[in-house]
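> To be precise about what I am sending: the file is called structure.txt and holds compact mmCIF, C-alpha atoms and all ligand atoms.
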# COMPACT_ATOMS: atom_id res chain seq x y z
CA MET T 889 -32.98 33.08 -4.15
CA ASN T 890 -31.38 29.72 -3.50
CA PRO T 891 -29.25 30.31 -0.38
CA LEU T 892 -26.47 28.26 -1.99
CA GLN T 893 -26.45 30.44 -5.18
CA PRO T 894 -23.50 32.64 -4.05
CA TYR T 895 -21.29 29.53 -4.02
CA TYR T 896 -22.34 28.56 -7.53
CA ASP T 897 -21.71 32.11 -8.79
CA THR T 898 -18.20 31.99 -7.36
CA ILE T 899 -17.35 29.06 -9.60
CA GLY T 900 -17.49 31.31 -12.69
CA GLN T 901 -15.10 33.79 -11.06
CA MET T 902 -12.75 30.95 -10.10
CA LYS T 903 -12.62 29.86 -13.75
CA GLU T 904 -11.70 33.40 -14.88
CA LYS T 905 -8.86 33.64 -12.36
CA GLY T 906 -7.41 30.22 -13.20
CA LEU T 907 -8.40 28.96 -9.74
CA TYR T 908 -10.89 26.32 -10.88
CA THR T 909 -9.67 22.74 -10.62
CA PRO T 910 -10.90 20.37 -13.34
CA VAL T 911 -10.20 16.77 -12.42
CA ARG T 912 -8.97 14.35 -15.07
CA VAL T 913 -9.97 10.69 -15.17
CA LEU T 914 -7.30 7.97 -15.28
CA GLU T 915 -8.22 5.12 -17.59
CA SER T 916 -5.27 2.88 -16.77
CA ARG T 917 -2.99 1.97 -13.87
CA GLN T 918 -1.35 4.67 -11.79
CA GLY T 919 2.11 4.00 -13.28
CA PRO T 920 4.96 6.08 -14.71
CA TRP T 921 2.82 6.33 -17.83
CA PHE T 922 -0.96 6.29 -17.88
CA THR T 923 -3.95 6.94 -20.11
CA ILE T 924 -6.30 9.92 -19.94
CA ASP T 925 -8.91 10.60 -22.65
CA GLY T 926 -7.42 7.67 -24.58
CA LYS T 927 -4.04 9.46 -24.66
CA LYS T 928 -0.84 7.89 -23.29
CA LEU T 929 0.87 10.38 -21.00
CA LEU T 930 4.02 10.54 -18.90
CA ASN T 931 2.87 10.73 -15.27
CA PHE T 932 4.89 13.56 -13.76
CA CYS T 933 2.79 14.40 -10.71
CA SER T 934 1.80 11.44 -8.58
CA ASN T 935 2.90 10.69 -5.03
CA ASN T 936 3.56 7.10 -6.01
CA TYR T 937 7.25 7.62 -5.16
CA LEU T 938 8.33 3.99 -5.29
CA GLY T 939 5.95 2.68 -7.93
CA PHE T 940 4.16 0.59 -5.28
CA ALA T 941 0.69 1.57 -6.57
CA GLN T 942 1.21 -0.86 -9.46
CA ASP T 943 3.97 -3.10 -8.05
CA LYS T 944 3.38 -6.77 -8.94
CA ARG T 945 4.43 -7.97 -5.48
CA LEU T 946 1.86 -5.75 -3.75
CA VAL T 947 -0.79 -6.78 -6.27
CA ALA T 948 -0.06 -10.49 -5.62
CA ALA T 949 -0.19 -9.98 -1.83
CA VAL T 950 -3.52 -8.16 -2.14
CA ILE T 951 -5.08 -10.86 -4.35
CA GLN T 952 -4.03 -13.57 -1.94
CA ALA T 953 -5.35 -11.67 1.09
CA VAL T 954 -8.66 -10.83 -0.58
CA LYS T 955 -9.15 -14.50 -1.55
CA GLN T 956 -8.52 -15.51 2.05
CA TYR T 957 -10.28 -12.74 3.98
CA GLY T 958 -12.70 -11.05 1.60
CA VAL T 959 -12.68 -7.32 1.03
CA GLY T 960 -13.86 -5.29 4.00
CA PRO T 961 -13.66 -5.29 7.79
CA GLY T 962 -17.45 -4.96 8.14
CA ALA T 963 -17.47 -2.82 11.28
CA VAL T 964 -15.45 -0.24 13.18
CA ARG T 965 -12.40 -1.88 14.70
CA PRO T 966 -13.50 -1.63 18.38
CA ILE T 967 -16.80 -3.41 17.62
CA SER T 968 -16.06 -6.37 15.34
CA GLY T 969 -13.85 -5.08 12.52
CA ASN T 970 -10.38 -5.43 14.02
CA LEU T 971 -8.62 -7.67 11.48
CA ALA T 972 -5.51 -9.73 12.18
CA LEU T 973 -4.15 -7.99 9.06
CA HIS T 974 -4.57 -4.58 10.76
CA MET T 975 -2.58 -5.80 13.74
CA LYS T 976 0.07 -7.37 11.51
CA ALA T 977 0.46 -4.19 9.46
CA GLU T 978 0.75 -2.11 12.64
CA ALA T 979 3.40 -4.42 14.09
CA ALA T 980 5.33 -4.38 10.80
CA LEU T 981 5.24 -0.57 10.63
CA ALA T 982 6.34 -0.17 14.26
CA THR T 983 9.32 -2.48 13.74
CA PHE T 984 10.24 -0.87 10.41
CA LYS T 985 10.15 2.64 11.88
CA GLY T 986 11.83 1.66 15.15
CA ALA T 987 8.84 2.78 17.24
CA GLU T 988 7.26 1.14 20.28
CA ALA T 989 3.83 1.02 18.65
CA ALA T 990 1.91 1.99 15.53
CA PHE T 991 -1.74 2.83 14.96
CA LEU T 992 -3.35 2.56 11.52
CA LEU T 993 -6.13 4.85 10.34
CA PRO T 994 -7.86 5.17 6.97
CA GLY T 995 -5.69 8.06 5.73
CA GLY T 996 -3.04 10.62 6.63
CA PHE T 997 -5.61 13.39 6.92
CA ILE T 998 -7.58 11.42 9.50
CA ALA T 999 -4.36 10.38 11.26
CA ASN T 1000 -3.48 14.05 11.80
CA ILE T 1001 -6.97 14.74 13.11
CA VAL T 1002 -6.68 11.87 15.58
CA ALA T 1003 -3.08 12.69 16.53
CA ILE T 1004 -3.92 16.31 17.40
CA ALA T 1005 -7.57 16.49 18.43
CA THR T 1006 -7.26 13.54 20.84
CA ILE T 1007 -4.51 15.15 22.92
CA VAL T 1008 -5.22 18.90 22.85
CA GLY T 1009 -8.39 20.84 23.53
CA LYS T 1010 -9.66 24.38 24.10
CA GLU T 1011 -7.31 25.13 26.99
CA ASP T 1012 -4.12 23.67 25.50
CA ILE T 1013 -1.59 25.40 23.29
CA VAL T 1014 -0.41 24.56 19.76
CA ILE T 1015 2.61 26.01 17.98
CA SER T 1016 2.51 25.31 14.25
CA ASP T 1017 4.66 26.10 11.17
CA GLU T 1018 2.86 28.53 8.83
CA LEU T 1019 3.19 26.09 5.91
CA ASN T 1020 1.83 23.02 7.68
CA HIS T 1021 -0.57 20.80 5.76
CA ALA T 1022 -4.30 21.57 5.67
CA SER T 1023 -5.06 18.49 7.78
CA ILE T 1024 -2.97 19.89 10.64
CA ILE T 1025 -4.72 23.25 10.38
CA ASP T 1026 -8.12 21.56 10.38
CA ALA T 1027 -7.17 19.30 13.29
CA ILE T 1028 -6.25 22.36 15.38
CA LYS T 1029 -9.59 23.95 14.44
CA LEU T 1030 -11.47 20.80 15.35
CA ALA T 1031 -9.71 20.69 18.71
CA GLN T 1032 -10.96 24.28 19.28
CA VAL T 1033 -7.55 25.30 20.62
CA LYS T 1034 -7.75 28.97 21.61
CA ASN T 1035 -4.03 29.56 22.09
CA LYS T 1036 -2.58 29.00 18.62
CA PHE T 1037 0.87 30.30 17.73
CA ILE T 1038 1.97 30.19 14.10
CA TYR T 1039 5.70 30.63 13.44
CA LYS T 1040 7.34 31.71 10.20
CA HIS T 1041 8.23 28.77 8.02
CA SER T 1042 11.07 26.75 9.63
CA ASP T 1043 12.20 29.86 11.55
CA MET T 1044 13.73 28.45 14.74
CA ALA T 1045 14.33 31.85 16.35
CA GLU T 1046 10.62 32.57 16.01
CA LEU T 1047 9.71 29.10 17.25
CA GLU T 1048 11.70 29.81 20.43
CA LEU T 1049 9.89 33.15 20.91
CA ARG T 1050 6.54 31.39 20.51
CA LEU T 1051 7.64 28.72 23.01
CA ILE T 1052 8.49 31.44 25.53
CA GLU T 1053 5.03 33.02 25.04
CA ALA T 1054 3.40 29.60 25.25
CA THR T 1055 5.25 28.75 28.47
CA LYS T 1056 3.87 31.96 30.02
CA ALA T 1057 0.34 31.17 28.83
CA ALA T 1058 0.68 27.64 30.24
CA GLU T 1059 1.19 29.03 33.76
CA ILE T 1060 -2.58 29.42 34.00
CA PRO T 1061 -3.94 25.98 34.88
CA LYS T 1062 -6.87 24.45 33.01
CA ALA T 1063 -10.33 24.33 34.59
CA ASP T 1064 -9.57 20.83 35.95
CA GLY T 1065 -6.37 22.13 37.60
CA THR T 1066 -3.94 20.41 35.18
CA LYS T 1067 -1.22 22.20 33.21
CA PRO T 1068 -2.01 23.03 29.56
CA ILE T 1069 -0.11 20.91 27.05
CA ILE T 1070 2.12 22.78 24.60
CA LEU T 1071 2.24 20.93 21.26
CA VAL T 1072 4.80 21.85 18.60
CA VAL T 1073 3.77 20.48 15.22
CA SER T 1074 5.50 20.57 11.84
CA ASP T 1075 5.34 18.84 8.49
CA GLY T 1076 8.48 16.75 8.00
CA VAL T 1077 8.81 17.39 4.28
CA PHE T 1078 6.79 20.41 3.13
CA SER T 1079 4.57 19.04 0.43
CA MET T 1080 4.47 21.99 -1.96
CA ASP T 1081 8.15 23.08 -1.74
CA GLY T 1082 9.96 19.86 -0.88
CA ASP T 1083 12.11 21.32 1.89
CA ILE T 1084 12.75 19.40 5.12
CA ALA T 1085 11.84 20.75 8.56
CA PRO T 1086 14.82 21.39 10.88
CA LEU T 1087 13.65 18.60 13.15
CA PRO T 1088 16.72 18.29 15.41
CA GLN T 1089 16.33 21.97 16.38
CA ILE T 1090 12.57 21.61 16.80
CA VAL T 1091 13.06 18.64 19.15
CA ARG T 1092 15.81 20.43 21.09
CA LEU T 1093 13.71 23.57 21.57
CA ALA T 1094 10.55 21.66 22.45
CA LYS T 1095 12.44 19.66 25.10
CA LYS T 1096 13.93 22.87 26.53
CA TYR T 1097 10.42 24.25 27.13
CA GLY T 1098 8.71 20.98 28.06
CA ALA T 1099 6.58 20.87 24.90
CA VAL T 1100 5.25 17.80 23.09
CA THR T 1101 6.57 17.27 19.53
CA MET T 1102 4.68 16.01 16.51
CA VAL T 1103 5.82 15.61 12.91
CA ASP T 1104 3.66 14.87 9.87
CA ASP T 1105 5.97 12.73 7.77
CA ALA T 1106 3.56 12.11 4.87
CA HIS T 1107 6.23 12.82 2.23
CA GLY T 1108 9.06 11.25 4.23
CA GLU T 1109 7.53 7.75 4.56
CA GLY T 1110 9.24 5.49 2.05
CA VAL T 1111 11.42 8.42 0.94
CA LEU T 1112 13.68 9.66 3.76
CA GLY T 1113 15.91 7.56 6.03
CA GLU T 1114 16.09 4.64 3.57
CA GLY T 1115 12.30 4.62 3.53
CA ARG T 1116 11.91 4.59 7.32
CA GLY T 1117 11.05 8.26 7.49
CA ILE T 1118 12.32 11.53 8.88
CA ALA T 1119 13.21 10.28 12.37
CA HIS T 1120 15.72 7.87 10.78
CA HIS T 1121 16.95 10.57 8.41
CA PHE T 1122 17.97 12.70 11.40
CA ALA T 1123 18.78 9.76 13.75
CA LEU T 1124 15.98 10.96 16.04
CA GLN T 1125 14.29 7.60 16.65
CA GLY T 1126 12.45 7.63 19.97
CA GLN T 1127 12.95 11.38 20.43
CA LEU T 1128 9.73 12.60 18.85
CA ASP T 1129 6.55 12.21 20.85
CA ILE T 1130 4.21 11.72 17.88
CA GLU T 1131 5.03 10.71 14.31
CA VAL T 1132 2.29 10.68 11.71
CA GLY T 1133 2.76 9.14 8.29
CA THR T 1134 0.70 8.20 5.31
CA LEU T 1135 0.55 4.99 3.33
CA SER T 1136 -1.23 6.84 0.54
CA LYS T 1137 1.93 8.14 -1.12
CA ALA T 1138 5.12 6.05 -1.24
CA PHE T 1139 3.28 2.94 -0.06
CA GLY T 1140 0.88 3.26 -2.99
CA VAL T 1141 -2.37 2.47 -1.16
CA LEU T 1142 -4.55 4.22 1.40
CA GLY T 1143 -3.92 4.69 5.09
CA GLY T 1144 -2.43 6.85 7.79
CA VAL T 1145 -0.22 5.78 10.66
CA ILE T 1146 0.64 7.24 14.04
CA THR T 1147 3.76 5.91 15.77
CA GLY T 1148 5.03 6.60 19.25
CA LYS T 1149 5.17 5.17 22.75
CA LYS T 1150 2.85 2.27 23.66
CA GLU T 1151 0.91 4.41 26.16
CA LEU T 1152 0.31 7.14 23.57
CA ILE T 1153 -1.07 4.65 21.05
CA GLU T 1154 -3.22 3.08 23.76
CA TRP T 1155 -4.67 6.53 24.51
CA TYR T 1156 -5.47 7.08 20.84
CA ARG T 1157 -7.14 3.65 20.61
CA GLN T 1158 -9.36 4.48 23.55
CA LYS T 1159 -10.20 8.09 22.66
CA GLY T 1160 -9.61 8.73 18.92
CA ARG T 1161 -13.09 9.46 17.61
CA PRO T 1162 -12.43 8.67 13.92
CA TYR T 1163 -11.16 5.27 15.12
CA LEU T 1164 -14.09 4.66 17.45
CA PHE T 1165 -16.73 5.83 14.98
CA SER T 1166 -15.35 4.99 11.53
CA THR T 1167 -14.43 1.71 9.87
CA GLY T 1168 -10.78 0.67 9.56
CA LEU T 1169 -8.68 -0.09 6.52
CA SER T 1170 -9.76 -2.55 3.85
CA VAL T 1171 -8.18 -5.99 3.52
CA ALA T 1172 -6.43 -4.89 0.32
CA ASP T 1173 -4.83 -1.80 1.88
CA SER T 1174 -3.68 -3.73 4.94
CA ALA T 1175 -2.13 -6.55 2.90
CA ALA T 1176 -0.38 -4.10 0.57
CA ILE T 1177 1.11 -2.20 3.52
CA ILE T 1178 2.52 -5.42 4.99
CA GLU T 1179 4.10 -6.31 1.63
CA GLY T 1180 5.43 -2.77 1.12
CA VAL T 1181 7.13 -2.83 4.52
CA ASN T 1182 8.49 -6.28 3.70
CA ILE T 1183 10.07 -5.07 0.47
CA LEU T 1184 11.60 -1.96 2.03
CA SER T 1185 12.91 -3.92 5.03
CA GLN T 1186 14.86 -6.16 2.67
CA SER T 1187 16.30 -3.54 0.35
CA SER T 1188 16.44 0.21 -0.08
CA SER T 1189 17.24 -0.04 -3.81
CA LEU T 1190 13.91 1.53 -4.84
CA VAL T 1191 14.49 4.45 -2.48
CA LYS T 1192 17.94 4.94 -3.98
CA LYS T 1193 16.52 4.85 -7.52
CA LEU T 1194 13.95 7.49 -6.52
CA TRP T 1195 16.66 9.81 -5.20
CA ASP T 1196 18.88 9.25 -8.27
CA ASN T 1197 15.97 10.12 -10.55
CA ALA T 1198 15.11 13.17 -8.45
CA ALA T 1199 18.70 14.46 -8.52
CA TYR T 1200 18.90 14.05 -12.30
CA LEU T 1201 15.55 15.72 -12.91
CA ARG T 1202 16.28 18.69 -10.66
CA GLU T 1203 19.74 19.26 -12.13
CA GLU T 1204 18.46 19.14 -15.69
CA LEU T 1205 15.53 21.48 -14.95
CA GLN T 1206 17.92 23.94 -13.34
CA LYS T 1207 20.31 23.67 -16.32
CA LEU T 1208 17.37 24.61 -18.55
CA GLY T 1209 16.90 27.73 -16.44
CA PHE T 1210 13.86 26.77 -14.34
CA ASP T 1211 13.52 27.86 -10.73
CA THR T 1212 13.00 24.75 -8.60
CA GLY T 1213 12.61 26.65 -5.35
CA ARG T 1214 14.09 25.36 -2.12
CA THR T 1215 13.46 21.64 -2.49
CA GLU T 1216 15.72 19.10 -0.79
CA THR T 1217 13.67 16.02 -1.68
CA PRO T 1218 12.17 14.36 -4.79
CA ILE T 1219 9.34 16.95 -4.71
CA THR T 1220 10.44 19.20 -7.57
CA PRO T 1221 8.47 22.43 -7.93
CA VAL T 1222 8.87 24.43 -11.11
CA MET T 1223 8.01 27.91 -9.85
CA LEU T 1224 5.83 29.96 -12.21
CA GLY T 1225 4.01 32.48 -10.00
CA ASP T 1226 0.93 33.41 -11.99
CA GLU T 1227 -2.02 31.01 -11.73
CA ASN T 1228 -3.01 31.32 -15.41
CA LEU T 1229 0.59 30.79 -16.51
CA ALA T 1230 0.71 27.57 -14.47
CA LYS T 1231 -2.58 26.45 -16.02
CA ASP T 1232 -1.39 27.20 -19.59
CA PHE T 1233 1.94 25.51 -18.91
CA SER T 1234 0.17 22.36 -17.76
CA THR T 1235 -2.22 22.39 -20.77
CA LYS T 1236 0.70 22.65 -23.21
CA LEU T 1237 2.57 19.85 -21.44
CA PHE T 1238 -0.55 17.74 -21.84
CA THR T 1239 -0.57 18.22 -25.62
CA LEU T 1240 3.09 17.11 -25.64
CA GLY T 1241 2.24 13.92 -23.73
CA VAL T 1242 3.19 14.98 -20.18
CA PHE T 1243 0.74 15.08 -17.31
CA ALA T 1244 1.66 17.56 -14.59
CA THR T 1245 -1.17 19.48 -12.94
CA PRO T 1246 -0.78 23.10 -11.87
CA ILE T 1247 -0.55 23.70 -8.12
CA LYS T 1248 -2.25 26.93 -7.19
CA PHE T 1249 -4.29 28.69 -4.50
CA PRO T 1250 -5.51 27.41 -2.02
CA MET T 1251 -2.80 24.71 -2.13
CA VAL T 1252 -0.16 27.48 -2.20
CA ALA T 1253 -0.41 31.24 -1.64
CA LEU T 1254 -1.83 33.42 -4.44
CA GLY T 1255 0.91 34.37 -6.92
CA LYS T 1256 3.00 31.32 -6.00
CA ALA T 1257 1.57 28.91 -8.56
CA ARG T 1258 3.81 26.16 -9.84
CA ILE T 1259 3.98 22.80 -11.54
CA ARG T 1260 5.09 20.29 -8.94
CA VAL T 1261 7.01 17.58 -10.75
CA MET T 1262 7.13 14.24 -8.94
CA PRO T 1263 9.68 11.72 -10.17
CA SER T 1264 9.35 8.12 -9.03
CA ALA T 1265 11.54 5.04 -8.83
CA ALA T 1266 9.41 3.60 -11.64
CA HIS T 1267 10.55 6.24 -14.16
CA THR T 1268 13.42 5.37 -16.49
CA LYS T 1269 16.00 7.93 -17.56
CA ARG T 1270 14.31 7.95 -20.97
CA ASP T 1271 11.01 8.85 -19.29
CA LEU T 1272 12.66 11.73 -17.47
CA ASP T 1273 14.30 12.95 -20.68
CA PHE T 1274 10.94 12.85 -22.46
CA GLY T 1275 9.46 15.03 -19.72
CA LEU T 1276 12.43 17.38 -19.68
CA SER T 1277 12.24 18.04 -23.41
CA ALA T 1278 8.55 18.92 -23.06
CA PHE T 1279 9.38 21.31 -20.20
CA ALA T 1280 12.12 22.92 -22.32
CA LYS T 1281 9.73 23.43 -25.25
CA VAL T 1282 6.84 24.83 -23.21
CA GLY T 1283 9.15 26.91 -21.03
CA LYS T 1284 10.54 28.65 -24.11
CA GLU T 1285 7.14 29.05 -25.76
CA LEU T 1286 5.73 30.76 -22.67
CA GLY T 1287 8.82 32.86 -22.02
CA VAL T 1288 9.60 31.20 -18.67
CA ILE T 1289 13.11 30.28 -19.83
CA LEU T 1290 15.25 31.68 -22.62
C1 LIG T 1301 1.82 16.71 4.41
C2 LIG T 1301 0.60 15.88 4.22
N1 LIG T 1301 -0.05 15.42 5.30
C3 LIG T 1301 -1.16 14.66 5.17
C4 LIG T 1301 -1.67 14.34 3.94
C5 LIG T 1301 -2.93 13.52 3.83
O1 LIG T 1301 -2.61 12.18 3.54
P1 LIG T 1301 -3.70 11.19 2.95
O2 LIG T 1301 -3.77 11.42 1.49
O3 LIG T 1301 -3.20 9.84 3.33
O4 LIG T 1301 -5.00 11.51 3.65
C6 LIG T 1301 -1.03 14.79 2.79
C7 LIG T 1301 -1.58 14.47 1.44
O5 LIG T 1301 -1.88 15.33 0.66
C8 LIG T 1301 0.15 15.59 2.93
O6 LIG T 1301 0.79 16.05 1.84
Please express the file's structure as structure tokens.


Amino acid sequence: MNPLQPYYDTIGQMKEKGLYTPVRVLESRQGPWFTIDGKKLLNFCSNNYLGFAQDKRLVAAVIQAVKQYGVGPGAVRPISGNLALHMKAEAALATFKGAEAAFLLPGGFIANIVAIATIVGKEDIVISDELNHASIIDAIKLAQVKNKFIYKHSDMAELELRLIEATKAAEIPKADGTKPIILVVSDGVFSMDGDIAPLPQIVRLAKKYGAVTMVDDAHGEGVLGEGRGIAHHFALQGQLDIEVGTLSKAFGVLGGVITGKKELIEWYRQKGRPYLFSTGLSVADSAAIIEGVNILSQSSSLVKKLWDNAAYLREELQKLGFDTGRTETPITPVMLGDENLAKDFSTKLFTLGVFATPIKFPMVALGKARIRVMPSAAHTKRDLDFGLSAFAKVGKELGVIL
């Protein structure tokens, strides 16, 4: 038998249980409306929070940069691919976020890998929220950390207990005689539920026990703190040791960023393997990031529009009788529970002209399937109303609401 056959057999079972993920093909721009299978659909599930993925100003900046510099860096940055545009984008991000230094990588997933696996190893200790993003979980695995403590989601009493245990474990020095690092890591905005981590308490507790703090602000970049992220939202600038963000959501392109003290970023530049052994961002991504930062530095009107749209959408969904979970941000989950129900809901929305994919295991726990609605600053009120009327119709048809 083909040794890979068991995997292929599993696919059939995944289809039966509603756990198979078919991937649709976009035939137009990633805007508030787009085309799939020749059908115009309301886009209700992108991470393009500010509409930057199709913003004319970013497009113009990219065209100009590509004409001037070409398309790709041609080598890993430490060899011969370190573009002036990379450095300019990093400087712009550091200033915008009020950090000493910024370090750009080709995506948020990679940025989390670099941020974690370059500072902790086998003998160090990591304390992580149970709902942290997959990239954080994988980074901890890659770092081969033996002492992992997982605390209940945003439960600060449990975080303190884990810090006490970690402090005890850290009394045993590492083989080289140094003290193990204790790293506390949390998502800033939890991507599937939209709630915000209690960062001031996390920072306070971590400081009390001498731990290093890291936040993954993927869904806070361009969204929280007038676009400057979660540290600004909580007035914690300079208090977090490591901030990771992504440019692949609100900034509309591709990229991950680590911000922190100059020495930390220098360490990452010397030791971060995905930086040393993988090519940096394209010209287009770098130019778009610079323009995105430029726009947000001048005005937070798009961020305000996003939040206004999010508030309207959430209120109206709740009025209809939907359960939107514990969100505090534009991420608007419509909780459905059953995986097949979520799949059917999404299919019916599609026939009514609304594109909103079901979110199910392994993205969330089994039995916690949902449709995660994502409003953007590019949606008009009419767009939102169109989507809401489809949700009302399908919700009634499937008995989710009365
Ligand atoms: C919380 C969180 N962290 C990291 C990432 C990865 O970001 P990127 O798409 O830039 O690799 C995501 C994206 O899904 C995310 O939601």

> Please identify the residues whose atoms come within 6 Å of ligand LIG 1301 (chain T), using only C-alpha atoms and all ligand atoms, and report them as number ranges by chain.

T: 995-997, 1021, 1075, 1079, 1104, 1106, 1134, 1136, 1143-1144

> With all atoms listed in the file as the basis for distance, which of T:Leu1169, T:Leu1071, T:Ala949, T:Ala1003 is at the shortest distance from Ile1153 of chain T?

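Looking at the shortest contact to Ile1153 of chain T, the residue is T:Ala1003.
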
> Atom CA of Lys1256 of chain T to atom CA of Ala1045 of chain T: how many Å, to one decimal?

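It comes out at 25.1 Å.
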
> Between T:Ala1005, T:Leu971, T:Ala1027, T:Ala989, single out the one closest to Glu1151 of chain T, counting only C-alpha atoms.

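Nearest candidate to Glu1151 of chain T out of T:Ala1005, T:Leu971, T:Ala1027, T:Ala989: T:Ala989.
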
> Using only C-alpha atoms, which of the listed residues (T:Ile1259, T:Ile1001, T:Val947, T:Ile1090) sits closest to Lys1029 of chain T?

T:Ile1001

> Around (2.2, 24.3, 17.9) in the file's frame, which residues reach within 10 Å when counting only C-alpha atoms? Return as a PDB file with C-alpha atoms, in the frame of the given file?


ATOM      1  CA  ASP T1012      -4.120  23.670  25.500  1.00  0.00           C
ATOM      2  CA  ILE T1013      -1.590  25.400  23.290  1.00  0.00           C
ATOM      3  CA  VAL T1014      -0.410  24.560  19.760  1.00  0.00           C
ATOM      4  CA  ILE T1015       2.610  26.010  17.980  1.00  0.00           C
ATOM      5  CA  SER T1016       2.510  25.310  14.250  1.00  0.00           C
ATOM      6  CA  ASP T1017       4.660  26.100  11.170  1.00  0.00           C
ATOM      7  CA  ILE T1024      -2.970  19.890  10.640  1.00  0.00           C
ATOM      8  CA  ILE T1028      -6.250  22.360  15.380  1.00  0.00           C
ATOM      9  CA  ASN T1035      -4.030  29.560  22.090  1.00  0.00           C
ATOM     10  CA  LYS T1036      -2.580  29.000  18.620  1.00  0.00           C
ATOM     11  CA  PHE T1037       0.870  30.300  17.730  1.00  0.00           C
ATOM     12  CA  ILE T1038       1.970  30.190  14.100  1.00  0.00           C
ATOM     13  CA  TYR T1039       5.700  30.630  13.440  1.00  0.00           C
ATOM     14  CA  LEU T1047       9.710  29.100  17.250  1.00  0.00           C
ATOM     15  CA  ARG T1050       6.540  31.390  20.510  1.00  0.00           C
ATOM     16  CA  LEU T1051       7.640  28.720  23.010  1.00  0.00           C
ATOM     17  CA  ALA T1054       3.400  29.600  25.250  1.00  0.00           C
ATOM     18  CA  ILE T1070       2.120  22.780  24.600  1.00  0.00           C
ATOM     19  CA  LEU T1071       2.240  20.930  21.260  1.00  0.00           C
ATOM     20  CA  VAL T1072       4.800  21.850  18.600  1.00  0.00           C
ATOM     21  CA  VAL T1073       3.770  20.480  15.220  1.00  0.00           C
ATOM     22  CA  SER T1074       5.500  20.570  11.840  1.00  0.00           C
ATOM     23  CA  ALA T1094      10.550  21.660  22.450  1.00  0.00           C
ATOM     24  CA  ALA T1099       6.580  20.870  24.900  1.00  0.00           C
ATOM     25  CA  VAL T1100       5.250  17.800  23.090  1.00  0.00           C
ATOM     26  CA  THR T1101       6.570  17.270  19.530  1.00  0.00           C
ATOM     27  CA  MET T1102       4.680  16.010  16.510  1.00  0.00           C
TER      28      MET T1102
END

> Please indicate the distance in Å from atom CA of Phe1249 of chain T to atom CA of Pro910 of chain T, rounded to one decimal place.

13.8 Å

> From the list T:Lys1231, T:Leu1240, T:Thr983, T:Val1145, which residue is nearest Gln1125 of chain T when using all atoms listed in the file?

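Closest candidate: T:Thr983.
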
> In Å, with one decimal, what is the gap from atom CA of Lys955 of chain T to atom CA of Gly919 of chain T?

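Interatomic distance, atom CA of Lys955 of chain T to atom CA of Gly919 of chain T: 24.6 Å.
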
> Just want the 9 Å neighbourhood of Leu1229 of chain T, counted on all atoms listed in the file, with same-chain residues fewer than 6 positions away dropped. Output as a count of residues only.

4

> Please identify all polymer residues within 10 Å of Thr1217 of chain T, counting only C-alpha atoms, omitting same-chain residues fewer than 4 positions from it, and present them as a ChimeraX atom specification.

/T:1077-1079,1081-1084,1107-1108,1111-1112,1194-1195,1198-1199,1202,1262

> Using only C-alpha atoms, find the one residue out of T:Ala1253, T:Leu1208, T:Thr1215, T:Leu1201 that sits nearest to Glu1018 of chain T.

T:Ala1253

> Find the residue from T:Glu1011, T:Glu915, T:Glu1053, T:Glu1109 that sits nearest to Val1181 of chain T; use all atoms listed in the file when measuring.

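Smallest separation from Val1181 of chain T among the options: T:Glu1109.
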
> Applying 8 Å and all atoms listed in the file, which residues near Thr1212 of chain T remain after dropping the ones on its own chain fewer than 6 positions away? List them as a ChimeraX atom specification.

/T:1202,1205-1206,1220-1223

> If we count all atoms listed in the file, what is near Ala1031 of chain T at a cut-off of 8 Å, once residues fewer than 4 positions away on the same chain are taken out, given as a ChimeraX atom specification?

/T:1004-1006,1008-1010,1027

> Report as a list in words all protein, DNA and RNA residues lying within 12 Å of Ala941 of chain T, evaluated on only C-alpha atoms, omitting residues in the same chain fewer than 5 positions from it.

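Returned residues: Ser916, Arg917, Gln918, Gly919, Pro920, Ser934, Asn935, Asn936, Leu946, Val947, Val950, Leu1135, Ser1136, Lys1137, Ala1138, Phe1139, Gly1140, Val1141, Leu1142, Ala1172, Asp1173, Ala1176, Ile1177, Glu1179, Gly1180, Ser1264, Ala1265 and Ala1266 of chain T.
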